[in-house]
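Structure file final-v5.tsv (TSV, C-alpha atoms and all ligand atoms) is printed below.
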chain	number	residue	atom	x	y	z
A	24	MET	CA	154.75	168.69	70.36
A	25	ARG	CA	151.10	169.11	71.27
A	26	ALA	CA	148.70	166.20	71.44
A	27	PRO	CA	146.34	165.56	68.53
A	28	ASP	CA	142.79	166.89	68.86
A	29	ILE	CA	140.82	163.65	69.23
A	30	ILE	CA	137.06	163.72	68.70
A	31	ARG	CA	136.00	160.24	69.73
A	32	ALA	CA	136.46	156.48	69.66
A	33	ALA	CA	135.61	155.62	66.04
A	34	TYR	CA	136.29	152.02	65.09
A	35	ALA	CA	137.94	148.77	66.09
A	36	GLU	CA	139.62	146.17	63.91
A	37	LEU	CA	139.30	142.63	65.26
A	38	ILE	CA	140.94	139.46	63.99
A	39	VAL	CA	138.39	136.64	63.81
A	40	THR	CA	139.03	133.01	62.91
A	41	ASP	CA	135.81	132.21	61.04
A	42	LEU	CA	134.47	135.14	59.04
A	43	ALA	CA	131.21	133.33	58.20
A	44	ALA	CA	130.48	132.63	61.89
A	45	SER	CA	131.30	136.25	62.77
A	46	ARG	CA	128.98	137.45	60.00
A	47	ARG	CA	126.12	135.41	61.43
A	48	PHE	CA	126.69	136.98	64.86
A	49	TYR	CA	127.28	140.62	63.89
A	50	VAL	CA	125.01	140.89	60.84
A	51	ASP	CA	122.28	138.26	61.21
A	52	VAL	CA	121.85	138.48	65.00
A	53	LEU	CA	123.00	142.01	65.96
A	54	GLY	CA	121.88	143.63	62.70
A	55	LEU	CA	125.00	145.66	61.93
A	56	VAL	CA	125.08	146.98	58.36
A	57	VAL	CA	127.64	145.66	55.88
A	58	SER	CA	129.56	148.48	54.17
A	59	HIS	CA	131.98	146.14	52.41
A	60	GLU	CA	132.85	142.46	52.45
A	61	ASP	CA	135.24	140.17	50.64
A	62	GLU	CA	136.81	136.84	51.54
A	63	HIS	CA	139.29	138.46	53.95
A	64	SER	CA	137.27	141.09	55.80
A	65	ILE	CA	133.87	142.56	56.63
A	66	HIS	CA	133.44	146.29	57.29
A	67	LEU	CA	130.38	147.07	59.43
A	68	ARG	CA	128.55	150.10	60.70
A	69	ALA	CA	125.55	150.76	62.92
A	70	PHE	CA	122.30	152.42	61.82
A	71	GLU	CA	123.19	156.04	62.64
A	72	GLU	CA	126.73	156.01	61.36
A	73	TYR	CA	127.63	157.76	58.11
A	74	LEU	CA	131.36	156.93	58.13
A	75	HIS	CA	132.22	153.75	56.26
A	76	HIS	CA	132.70	151.52	59.30
A	77	SER	CA	132.86	151.30	63.08
A	78	LEU	CA	133.96	147.66	63.14
A	79	VAL	CA	136.33	145.76	60.86
A	80	LEU	CA	136.43	141.97	61.12
A	81	ARG	CA	139.51	140.51	59.50
A	82	GLN	CA	140.09	136.79	58.98
A	83	GLY	CA	143.18	135.51	60.80
A	84	ALA	CA	144.66	132.55	62.64
A	85	VAL	CA	144.19	133.77	66.22
A	86	PRO	CA	141.44	136.02	67.66
A	87	ALA	CA	142.96	139.39	68.55
A	88	LEU	CA	142.68	143.16	68.48
A	89	ALA	CA	144.47	144.67	65.44
A	90	ALA	CA	143.63	148.36	66.04
A	91	LEU	CA	141.56	150.84	68.01
A	92	ALA	CA	140.90	153.93	65.90
A	93	TYR	CA	140.26	157.46	67.14
A	94	ARG	CA	138.91	160.13	64.82
A	95	VAL	CA	140.76	163.46	65.02
A	96	ARG	CA	139.32	166.90	64.21
A	97	SER	CA	140.97	167.47	60.80
A	98	GLN	CA	143.38	165.81	58.40
A	99	ASP	CA	146.20	168.01	59.77
A	100	GLU	CA	145.71	166.42	63.20
A	101	VAL	CA	146.69	163.02	61.76
A	102	GLU	CA	150.22	164.33	61.22
A	103	VAL	CA	150.13	165.95	64.68
A	104	ALA	CA	149.40	162.48	66.08
A	105	ALA	CA	152.31	160.96	64.13
A	106	ARG	CA	154.77	163.55	65.49
A	107	TYR	CA	153.38	163.29	69.02
A	108	TYR	CA	153.98	159.54	69.19
A	109	GLU	CA	157.37	159.83	67.45
A	110	GLU	CA	158.36	162.23	70.21
A	111	LEU	CA	157.16	159.73	72.82
A	112	GLY	CA	159.53	157.21	71.22
A	113	CYS	CA	156.72	154.97	69.96
A	114	ARG	CA	156.65	153.02	66.73
A	115	VAL	CA	154.69	155.06	64.16
A	116	GLU	CA	153.51	153.99	60.70
A	117	ARG	CA	151.88	156.34	58.21
A	118	ARG	CA	149.22	154.66	56.09
A	119	PRO	CA	148.74	156.60	52.81
A	120	ALA	CA	145.31	157.23	51.31
A	121	GLY	CA	144.15	154.00	49.69
A	122	ALA	CA	145.96	151.73	52.14
A	123	LEU	CA	142.94	151.36	54.44
A	124	LEU	CA	139.49	150.73	52.99
A	125	GLY	CA	136.98	153.50	53.77
A	126	VAL	CA	139.56	155.68	55.54
A	127	GLY	CA	141.95	158.27	54.09
A	128	ALA	CA	145.61	158.82	55.00
A	129	ALA	CA	145.96	157.64	58.59
A	130	VAL	CA	148.61	156.86	61.13
A	131	ARG	CA	149.00	153.72	63.23
A	132	VAL	CA	151.12	153.61	66.38
A	133	GLU	CA	152.13	151.20	69.12
A	134	ASP	CA	151.19	153.36	72.09
A	135	PRO	CA	153.08	153.51	75.43
A	136	LEU	CA	150.55	151.10	76.99
A	137	GLY	CA	151.21	148.57	74.20
A	138	PHE	CA	148.01	149.10	72.19
A	139	PRO	CA	147.81	149.45	68.39
A	140	LEU	CA	146.06	152.79	67.85
A	141	GLU	CA	145.00	154.51	64.65
A	142	PHE	CA	144.31	158.20	64.10
A	143	PHE	CA	142.31	159.28	61.05
A	144	TYR	CA	140.08	162.05	59.79
A	145	ASP	CA	139.34	161.57	56.07
A	146	ALA	CA	136.80	158.82	55.63
A	147	GLU	CA	134.30	157.65	53.06
A	148	HIS	CA	130.72	158.74	53.76
A	149	VAL	CA	127.97	156.19	53.25
A	150	GLU	CA	124.19	156.31	53.68
A	151	ARG	CA	123.11	157.03	57.25
A	152	TYR	CA	120.21	154.69	58.03
A	153	THR	CA	118.79	156.80	60.88
A	154	ARG	CA	115.28	156.89	59.41
A	155	ARG	CA	115.39	153.49	57.71
A	156	TYR	CA	113.02	152.08	60.33
A	157	ASP	CA	112.01	149.44	57.81
A	158	ALA	CA	115.49	147.95	58.27
A	159	HIS	CA	116.08	148.60	61.97
A	160	GLY	CA	114.28	145.78	63.73
A	161	ALA	CA	113.52	145.86	67.45
A	162	GLY	CA	117.15	145.59	68.58
A	163	ALA	CA	118.61	148.39	66.48
A	164	ILE	CA	122.17	149.40	67.34
A	165	SER	CA	122.85	153.10	66.72
A	166	ARG	CA	126.60	153.71	66.93
A	167	LEU	CA	129.91	152.72	68.45
A	168	ASP	CA	130.24	154.19	71.94
A	169	HIS	CA	133.54	153.21	73.60
A	170	PHE	CA	136.53	150.93	74.02
A	171	ASN	CA	137.59	149.23	77.27
A	172	VAL	CA	141.18	148.04	77.64
A	173	VAL	CA	143.03	146.08	80.30
A	174	THR	CA	146.29	147.61	81.48
A	175	PRO	CA	148.32	146.93	84.63
A	176	ASP	CA	149.07	150.40	85.97
A	177	ILE	CA	145.93	152.56	86.04
A	178	PRO	CA	147.46	155.87	87.32
A	179	THR	CA	150.11	155.76	84.56
A	180	ALA	CA	147.47	154.98	81.94
A	181	VAL	CA	145.18	157.76	83.22
A	182	GLN	CA	148.05	160.27	82.99
A	183	TYR	CA	148.85	159.15	79.43
A	184	TYR	CA	145.21	159.63	78.39
A	185	GLN	CA	144.92	162.96	80.22
A	186	ASP	CA	147.98	164.15	78.29
A	187	LEU	CA	146.01	163.25	75.15
A	188	GLY	CA	143.24	165.60	76.33
A	189	PHE	CA	140.85	163.06	77.82
A	190	ARG	CA	139.01	163.85	81.08
A	191	VAL	CA	138.09	161.41	83.83
A	192	SER	CA	134.34	160.98	84.43
A	193	GLU	CA	134.31	158.14	86.97
A	194	ASP	CA	136.70	155.73	88.67
A	195	ILE	CA	136.84	152.88	91.21
A	196	GLN	CA	139.24	153.15	94.14
A	197	ASP	CA	139.76	151.69	97.60
A	198	GLU	CA	140.39	153.31	100.96
A	199	ASP	CA	144.17	153.22	100.36
A	200	GLY	CA	143.85	155.09	97.05
A	201	THR	CA	144.51	152.05	94.83
A	202	ILE	CA	142.75	152.72	91.51
A	203	TYR	CA	141.13	149.65	89.95
A	204	ALA	CA	139.51	151.22	86.88
A	205	SER	CA	138.97	154.62	85.29
A	206	TRP	CA	136.61	156.02	82.62
A	207	LEU	CA	137.73	158.91	80.36
A	208	PHE	CA	136.08	160.87	77.57
A	209	ARG	CA	136.61	163.20	74.62
A	210	LYS	CA	133.04	163.23	73.31
A	211	PRO	CA	130.68	164.56	76.01
A	212	THR	CA	129.48	161.24	77.44
A	213	VAL	CA	130.89	159.11	80.27
A	214	HIS	CA	133.65	157.63	78.14
A	215	ASP	CA	135.45	156.90	74.93
A	216	ILE	CA	137.95	154.70	76.76
A	217	ALA	CA	137.76	152.74	80.00
A	218	LEU	CA	140.94	151.52	81.67
A	219	THR	CA	140.51	148.25	83.57
A	220	GLY	CA	143.30	147.17	85.93
A	221	GLY	CA	144.77	143.76	85.06
A	222	ASP	CA	147.46	141.99	83.07
A	223	GLY	CA	147.82	143.92	79.83
A	224	PRO	CA	147.76	145.08	77.16
A	225	ARG	CA	144.48	143.28	76.38
A	226	LEU	CA	141.16	144.38	74.92
A	227	HIS	CA	138.33	144.03	77.43
A	228	HIS	CA	135.47	145.04	75.12
A	229	ILE	CA	134.11	147.41	72.56
A	230	ALA	CA	130.67	148.89	73.18
A	231	PHE	CA	127.86	149.86	70.84
A	232	ALA	CA	125.00	152.15	71.84
A	233	THR	CA	121.28	151.73	71.33
A	234	HIS	CA	118.70	154.47	71.94
A	235	GLU	CA	116.51	152.50	74.31
A	236	ARG	CA	116.70	149.80	76.96
A	237	ASP	CA	114.02	147.86	75.06
A	238	GLN	CA	116.43	147.35	72.21
A	239	ILE	CA	118.86	145.65	74.58
A	240	LEU	CA	116.09	143.45	75.99
A	241	HIS	CA	115.06	142.51	72.46
A	242	ILE	CA	118.62	141.40	71.68
A	243	CYS	CA	118.41	139.08	74.71
A	244	ASP	CA	115.02	137.74	73.58
A	245	LYS	CA	116.31	137.23	70.05
A	246	LEU	CA	119.38	135.34	71.26
A	247	GLY	CA	117.07	133.13	73.33
A	248	ALA	CA	114.75	132.50	70.39
A	249	LEU	CA	117.73	131.55	68.23
A	250	ARG	CA	119.05	129.22	70.98
A	251	ARG	CA	122.15	131.37	71.15
A	252	SER	CA	121.79	132.54	74.74
A	253	ASP	CA	125.32	131.27	75.38
A	254	HIS	CA	126.55	134.47	73.70
A	255	ILE	CA	125.26	136.36	76.78
A	256	GLU	CA	128.01	136.74	79.40
A	257	ARG	CA	126.72	139.38	81.82
A	258	GLY	CA	123.46	141.32	82.17
A	259	PRO	CA	121.17	142.77	81.10
A	260	GLY	CA	121.53	145.20	83.94
A	261	ARG	CA	122.06	148.77	85.07
A	262	HIS	CA	125.65	149.86	85.67
A	263	GLY	CA	126.55	151.83	88.79
A	264	VAL	CA	129.49	153.48	87.02
A	265	SER	CA	128.03	155.48	84.08
A	266	ASN	CA	124.41	154.68	85.08
A	267	ALA	CA	124.05	153.00	81.68
A	268	PHE	CA	121.86	150.00	80.92
A	269	TYR	CA	124.09	147.19	79.65
A	270	LEU	CA	124.51	143.74	78.16
A	271	TYR	CA	127.80	141.92	77.52
A	272	LEU	CA	128.02	139.38	74.72
A	273	ARG	CA	130.89	137.17	73.60
A	274	ASP	CA	131.26	136.83	69.83
A	275	PRO	CA	132.13	133.46	68.21
A	276	ASP	CA	135.84	134.07	68.94
A	277	GLY	CA	135.28	135.23	72.50
A	278	HIS	CA	135.70	138.95	71.78
A	279	ARG	CA	133.50	140.79	74.26
A	280	ILE	CA	130.90	143.22	72.90
A	281	GLU	CA	128.85	145.49	75.17
A	282	ILE	CA	125.47	146.91	74.19
A	283	TYR	CA	125.01	150.11	76.18
A	284	THR	CA	122.48	152.91	76.57
A	285	HIS	CA	121.44	155.86	78.77
A	286	ASP	CA	124.64	157.24	80.22
A	287	TYR	CA	124.80	161.01	80.77
A	288	TYR	CA	126.18	164.31	79.43
A	289	THR	CA	129.65	165.23	80.67
A	290	GLY	CA	130.60	168.16	78.40
A	291	ASP	CA	130.75	171.06	80.87
A	292	PRO	CA	134.25	171.98	82.07
A	293	ASP	CA	133.36	171.38	85.72
A	294	ASN	CA	131.66	168.01	85.19
A	295	PRO	CA	132.02	166.30	88.60
A	296	VAL	CA	134.13	163.14	88.81
A	297	VAL	CA	132.33	160.21	90.47
A	298	THR	CA	134.57	157.97	92.58
A	299	TRP	CA	133.21	154.57	93.64
A	300	ASP	CA	134.43	152.47	96.54
A	301	VAL	CA	135.67	149.11	95.22
A	302	HIS	CA	133.73	147.46	98.08
A	303	ASP	CA	130.41	149.00	97.03
A	304	ASN	CA	128.28	146.13	95.69
A	305	GLN	CA	126.36	148.46	93.41
A	306	ARG	CA	129.32	150.04	91.59
A	307	ARG	CA	129.35	147.65	88.62
A	308	ASP	CA	125.71	146.58	88.80
A	309	TRP	CA	123.27	149.02	90.35
A	310	TRP	CA	120.92	146.18	91.27
A	311	GLY	CA	123.67	144.31	93.09
A	312	ASN	CA	123.90	141.37	90.71
A	313	PRO	CA	127.32	139.76	90.98
A	314	VAL	CA	129.81	140.17	88.14
A	315	VAL	CA	130.62	136.79	86.57
A	316	PRO	CA	134.28	135.78	87.08
A	317	SER	CA	134.97	135.49	83.32
A	318	TRP	CA	134.19	139.21	82.96
A	319	TYR	CA	137.13	140.03	85.24
A	320	ALA	CA	139.47	137.31	83.99
A	321	GLU	CA	139.12	137.09	80.22
A	322	ALA	CA	140.09	139.57	77.51
A	323	SER	CA	141.35	139.57	73.92
A	324	VAL	CA	144.99	139.36	72.85
A	325	VAL	CA	146.44	142.57	71.37
A	326	LEU	CA	148.68	142.64	68.27
A	327	ASP	CA	151.63	144.86	67.46
A	328	LEU	CA	151.82	146.56	64.05
A	329	ASP	CA	153.45	143.46	62.54
A	330	GLY	CA	150.52	141.31	63.68
A	331	ASN	CA	152.40	139.60	66.53
A	332	PRO	CA	150.76	139.16	69.97
A	333	ARG	CA	151.99	141.62	72.59
A	334	PRO	CA	153.52	140.06	75.71
A	335	LEU	CA	151.57	140.71	78.90
A	336	VAL	CA	152.76	142.80	81.83
A	337	GLU	CA	151.30	141.63	85.15
A	338	ARG	CA	149.33	143.95	87.38
A	339	ALA	CA	151.39	144.58	90.51
A	340	GLU	CA	148.59	146.06	92.63
A	341	GLU	CA	145.54	144.32	94.08
A	342	ARG	CA	142.99	142.97	91.63
A	343	GLU	CA	139.36	144.01	91.85
A	344	ALA	CA	138.07	140.42	91.55
A	345	ASP	CA	140.26	139.40	94.49
A	346	VAL	CA	139.12	142.18	96.79
A	347	THR	CA	135.43	141.89	95.96
A	348	ILE	CA	134.56	138.31	95.04
A	349	GLY	CA	137.40	136.47	96.74
A	350	ALA	CA	137.17	134.76	100.10
A	351	ASP	CA	136.50	138.06	101.82
A	352	GLY	CA	132.80	138.78	102.09
A	353	PHE	CA	134.30	142.23	102.15
A	354	SER	CA	131.81	144.25	100.22
A	355	TYR	CA	128.65	146.06	101.20
A	356	THR	CA	125.31	147.25	99.91
A	357	ARG	CA	124.92	149.82	102.71
A	358	LYS	CA	127.66	151.24	104.87
A	359	GLY	CA	126.52	150.55	108.42
A	360	GLU	CA	122.81	151.25	108.69
A	361	GLU	CA	122.84	153.90	105.93
A	362	MET	CA	119.61	153.71	103.92
A	363	PRO	CA	118.22	156.65	101.92
A	364	GLU	CA	114.69	157.45	102.98
A	365	TYR	CA	112.19	156.43	100.33
A	366	LYS	CA	110.78	159.51	98.65
A	367	LEU	CA	107.50	159.71	96.79
A	368	GLY	CA	107.26	161.43	93.42
A	369	ASN	CA	109.40	164.57	93.20
A	370	GLN	CA	109.66	165.15	96.95
A	371	LEU	CA	113.51	165.04	96.94
A	401	LIG	O1	131.00	150.87	80.00
A	401	LIG	C1	131.05	150.55	81.19
A	401	LIG	C2	131.90	149.38	81.55
A	401	LIG	O2	133.23	149.82	81.52
A	401	LIG	O3	131.74	148.40	80.54
A	401	LIG	C3	131.63	148.84	82.87
A	401	LIG	C4	130.41	151.26	82.22
A	401	LIG	C5	130.36	150.79	83.50
A	401	LIG	C6	130.95	149.55	83.81
A	401	LIG	S1	130.78	148.91	85.39
A	401	LIG	O4	130.80	147.43	85.30
A	401	LIG	O5	131.88	149.40	86.22
A	401	LIG	O6	129.49	149.39	85.96
A	402	FE2	FE	131.80	149.39	78.67
Take the structure in this file and express it as structure tokens.
Ligand code: XXG
Ligand code: FE2
Amino acid sequence: MRAPDIIRAAYAELIVTDLAASRRFYVDVLGLVVSHEDEHSIHLRAFEEYLHHSLVLRQGAVPALAALAYRVRSQDEVEVAARYYEELGCRVERRPAGALLGVGAAVRVEDPLGFPLEFFYDAEHVERYTRRYDAHGAGAISRLDHFNVVTPDIPTAVQYYQDLGFRVSEDIQDEDGTIYASWLFRKPTVHDIALTGGDGPRLHHIAFATHERDQILHICDKLGALRRSDHIERGPGRHGVSNAFYLYLRDPDGHRIEIYTHDYYTGDPDNPVVTWDVHDNQRRDWWGNPVVPSWYAEASVVLDLDGNPRPLVERAEEREADVTIGADGFSYTRKGEEMPEYKLGNQL
């Protein structure tokens, strides 16, 4: 059976323990648009999105990831996805039209890495607020960009995603070929999914895109003004991997949300893969700012299709935090005396 034709990362469903607190964070502070809300859930979208939602917050007892949803190219591809995962021996559940708010007939699976995935095409269209500048505010978030998951065995996970038609854009390795993280895409940007090596399955973060760096800086200023700077975990900064400008926030339940902008086009068939040395100080922050330990250590619990937490499988290989921020001093800004000559203007 062939793999389904996936277009992009489309939405995430998170379990939150206090819907009102989550609403204050996602709607009042980040400015996401409410497409639907009741006492059990809030369906949100960003300003450029015309599908019903890119984030579902569902009230529950324990913070967790309930689903990561990929949009496929047509309704027929939803059934292709169901058969594909049945053939892999995974648990597959068909959700008929009407079962999921804002989405048509879809399929949910427990994938081979232990993540609850959804595949859908039919979806309710809602007003796209692209030109509603009156509502945007200075920190406007445009759209969902990607998911980042923690999984123990990166080469196995990369192969699984490549079989699904994803291509690698960048990765982090060491001199022995150990792979610590990998970034893969379907839409022509750096990624729809990042695979982070660690005990898994866990959700590391979901990322929303803005158009401009200023919008990310405004979110920081706004959090400061509201005396909510403790939501900021890492950044703002410039990534090495992806070259994007970034900010990581923790929501009221500790779910990590990245705000991300300015990565690059990857759509040509010969798009070069960028491999970073795990010892390069600039790989995760281009300005060399250290990554806070919580960013490596903490991630959200993942649920199976019955709503039970998935047990964790330990990473067997070396961990990035241990080889770069442990008692090693074993990372560099320049290799030896290497230093690119400073060039003026366009003299490169
Ligand atoms: O989206 C991303 C990230 O996966 O969140 C992290 C792009 C780059 C990075 S990294 O910290 O490796 O620069
Ligand atoms: Fe990210």
Contacts to ligand LIG 401 (chain A) at 9 Å cut-off (all atoms listed in the file) as a ChimeraX atom specification: /A:168-171,194-195,204-206,213-214,216-219,227-230,261-271,281-283,286,305-309,314
Nearest-residue call for A:Cys113, choices A:Asp327, A:Gly162, A:Asp215, A:Asp157, using only C-alpha atoms: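 Of A:Asp327, A:Gly162, A:Asp215, A:Asp157, the one nearest A:Cys113, counting only C-alpha atoms, is A:Asp327.
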Build an axis-aligned box that encloses every atom of stretch 108-123 of chain A listed in the file, pad it by 5 Å on each side, and report its centre and edge lengths in Å to one decimal, as JSON.
{"center_x": 151.2, "center_y": 156.8, "center_z": 61.3, "size_x": 26.6, "size_y": 20.9, "size_z": 33.1}
Residues near A:Lys210, cut-off 6 Å, all atoms listed in the file, skip fewer than 2 positions along chain, as a ChimeraX atom specification: /A:31,208,212
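The space separating atom CA of A:Arg47 from atom CA of A:Thr233 comes to 19.7 Å.
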Of the listed residues A:Ile280, A:Met24, A:Leu53, A:Leu187, that which approaches ligand FE2 402 (chain A) most closely, counting all atoms listed in the file: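 Comparing A:Ile280, A:Met24, A:Leu53, A:Leu187 against ligand FE2 402 (chain A), the winner is A:Ile280.
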Which of A:Leu249, A:Ile242, A:Ala128, A:Ala232 sits closest to ligand FE2 402 (chain A) [using only C-alpha atoms and all ligand atoms]: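 Closest candidate: A:Ala232.
Computed from the coordinates, the atom CA of A:Pro175 to atom CA of A:Gln196 distance equals 14.5 Å.
Considering the residues A:Ala32, A:Ala104, A:Val95, A:Leu326 and counting only C-alpha atoms, A:Gly137 has its shortest atom-to-atom contact with A:Leu326.
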Residues near A:Leu335, cut-off 9 Å, all atoms listed in the file, skip fewer than 5 positions along chain, as a VMD selection string: chain A and resid 222 to 225
Contact residues around A:Asp293 with only C-alpha atoms at 12 Å, ignoring same-chain residues under 5 positions, as a ChimeraX atom specification: /A:190-192,288
From A:Gln98, A:Gln182, A:Ser58, A:Thr284, residue lying nearest ligand FE2 402 (chain A) [all atoms listed in the file]: A:Thr284
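Separating atom CA of A:Leu37 from atom CA of A:Pro259 is a distance of 24.1 Å.
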Selected residue, from A:Val181, A:Val172, A:Leu246, A:Ala26, that lies nearest to ligand FE2 402 (chain A) when counting only C-alpha atoms and all ligand atoms: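 Among the listed residues, A:Val172 lies closest to ligand FE2 402 (chain A).
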Sphere at (146.5, 157.4, 65.2), radius 7 Å, counting all atoms listed in the file: residues as a PyMOL selection string: chain A and resi 92-93+101+104-105+129-132+140-143
Near-A:Phe138 list (7 Å; only C-alpha atoms; drop same-chain fewer than 3 positions) as a PyMOL selection string: chain A and resi 133-134+224+325
Surrounding residues of A:Tyr152 excluding itself and chain neighbours under 6 positions, 8 Å, only C-alpha atoms, as a ChimeraX atom specification: /A:70-72
Within 12 Å of file point (125.3, 157.6, 58.3), counting all atoms listed in the file, expressed as a ChimeraX atom specification: /A:56,58,67-77,146-155,165-166
Missing atoms in stretch 199-206 of chain A need filling: write out all heavy atoms for it as a PDB file, in the frame of the given file.
ATOM      1  N   ASP A 199     142.740 152.884 100.385  1.00  0.00           N
ATOM      2  CA  ASP A 199     144.170 153.220 100.360  1.00  0.00           C
ATOM      3  C   ASP A 199     144.547 154.031  99.114  1.00  0.00           C
ATOM      4  O   ASP A 199     145.721 154.325  98.903  1.00  0.00           O
ATOM      5  CB  ASP A 199     145.020 151.952 100.371  1.00  0.00           C
ATOM      6  CG  ASP A 199     144.723 151.092 101.588  1.00  0.00           C
ATOM      7  OD1 ASP A 199     144.463 151.688 102.666  1.00  0.00           O
ATOM      8  OD2 ASP A 199     144.729 149.849 101.462  1.00  0.00           O
ATOM      9  N   GLY A 200     143.567 154.314  98.265  1.00  0.00           N
ATOM     10  CA  GLY A 200     143.850 155.090  97.050  1.00  0.00           C
ATOM     11  C   GLY A 200     144.267 154.237  95.861  1.00  0.00           C
ATOM     12  O   GLY A 200     144.625 154.775  94.805  1.00  0.00           O
ATOM     13  N   THR A 201     144.242 152.900  95.996  1.00  0.00           N
ATOM     14  CA  THR A 201     144.510 152.050  94.830  1.00  0.00           C
ATOM     15  C   THR A 201     143.384 152.268  93.823  1.00  0.00           C
ATOM     16  O   THR A 201     142.206 152.218  94.192  1.00  0.00           O
ATOM     17  CB  THR A 201     144.560 150.560  95.240  1.00  0.00           C
ATOM     18  OG1 THR A 201     145.604 150.406  96.207  1.00  0.00           O
ATOM     19  CG2 THR A 201     144.822 149.651  94.051  1.00  0.00           C
ATOM     20  N   ILE A 202     143.766 152.513  92.566  1.00  0.00           N
ATOM     21  CA  ILE A 202     142.750 152.720  91.510  1.00  0.00           C
ATOM     22  C   ILE A 202     142.625 151.431  90.719  1.00  0.00           C
ATOM     23  O   ILE A 202     143.612 150.901  90.210  1.00  0.00           O
ATOM     24  CB  ILE A 202     143.113 153.906  90.603  1.00  0.00           C
ATOM     25  CG1 ILE A 202     143.394 155.164  91.439  1.00  0.00           C
ATOM     26  CG2 ILE A 202     141.979 154.186  89.618  1.00  0.00           C
ATOM     27  CD1 ILE A 202     143.792 156.375  90.616  1.00  0.00           C
ATOM     28  N   TYR A 203     141.388 150.930  90.617  1.00  0.00           N
ATOM     29  CA  TYR A 203     141.130 149.650  89.950  1.00  0.00           C
ATOM     30  C   TYR A 203     140.670 149.845  88.508  1.00  0.00           C
ATOM     31  O   TYR A 203     140.866 148.966  87.669  1.00  0.00           O
ATOM     32  CB  TYR A 203     140.070 148.864  90.728  1.00  0.00           C
ATOM     33  CG  TYR A 203     140.576 148.437  92.078  1.00  0.00           C
ATOM     34  CD1 TYR A 203     140.509 149.297  93.174  1.00  0.00           C
ATOM     35  CD2 TYR A 203     141.170 147.192  92.256  1.00  0.00           C
ATOM     36  CE1 TYR A 203     141.005 148.931  94.411  1.00  0.00           C
ATOM     37  CE2 TYR A 203     141.671 146.809  93.492  1.00  0.00           C
ATOM     38  CZ  TYR A 203     141.577 147.683  94.561  1.00  0.00           C
ATOM     39  OH  TYR A 203     142.081 147.312  95.783  1.00  0.00           O
ATOM     40  N   ALA A 204     140.024 150.959  88.228  1.00  0.00           N
ATOM     41  CA  ALA A 204     139.510 151.220  86.880  1.00  0.00           C
ATOM     42  C   ALA A 204     139.193 152.695  86.757  1.00  0.00           C
ATOM     43  O   ALA A 204     138.896 153.364  87.759  1.00  0.00           O
ATOM     44  CB  ALA A 204     138.268 150.382  86.607  1.00  0.00           C
ATOM     45  N   SER A 205     139.235 153.202  85.512  1.00  0.00           N
ATOM     46  CA  SER A 205     138.970 154.620  85.290  1.00  0.00           C
ATOM     47  C   SER A 205     138.294 154.792  83.929  1.00  0.00           C
ATOM     48  O   SER A 205     138.599 154.058  82.989  1.00  0.00           O
ATOM     49  CB  SER A 205     140.296 155.386  85.348  1.00  0.00           C
ATOM     50  OG  SER A 205     140.076 156.760  85.205  1.00  0.00           O
ATOM     51  N   TRP A 206     137.389 155.771  83.843  1.00  0.00           N
ATOM     52  CA  TRP A 206     136.610 156.020  82.620  1.00  0.00           C
ATOM     53  C   TRP A 206     136.926 157.441  82.150  1.00  0.00           C
ATOM     54  O   TRP A 206     136.823 158.403  82.927  1.00  0.00           O
ATOM     55  CB  TRP A 206     135.113 155.884  82.926  1.00  0.00           C
ATOM     56  CG  TRP A 206     134.659 154.454  83.090  1.00  0.00           C
ATOM     57  CD1 TRP A 206     133.983 153.714  82.164  1.00  0.00           C
ATOM     58  CD2 TRP A 206     134.853 153.577  84.218  1.00  0.00           C
ATOM     59  NE1 TRP A 206     133.755 152.433  82.651  1.00  0.00           N
ATOM     60  CE2 TRP A 206     134.272 152.321  83.894  1.00  0.00           C
ATOM     61  CE3 TRP A 206     135.466 153.725  85.460  1.00  0.00           C
ATOM     62  CZ2 TRP A 206     134.274 151.237  84.774  1.00  0.00           C
ATOM     63  CZ3 TRP A 206     135.493 152.642  86.341  1.00  0.00           C
ATOM     64  CH2 TRP A 206     134.901 151.421  85.987  1.00  0.00           C
TER      65      TRP A 206
END
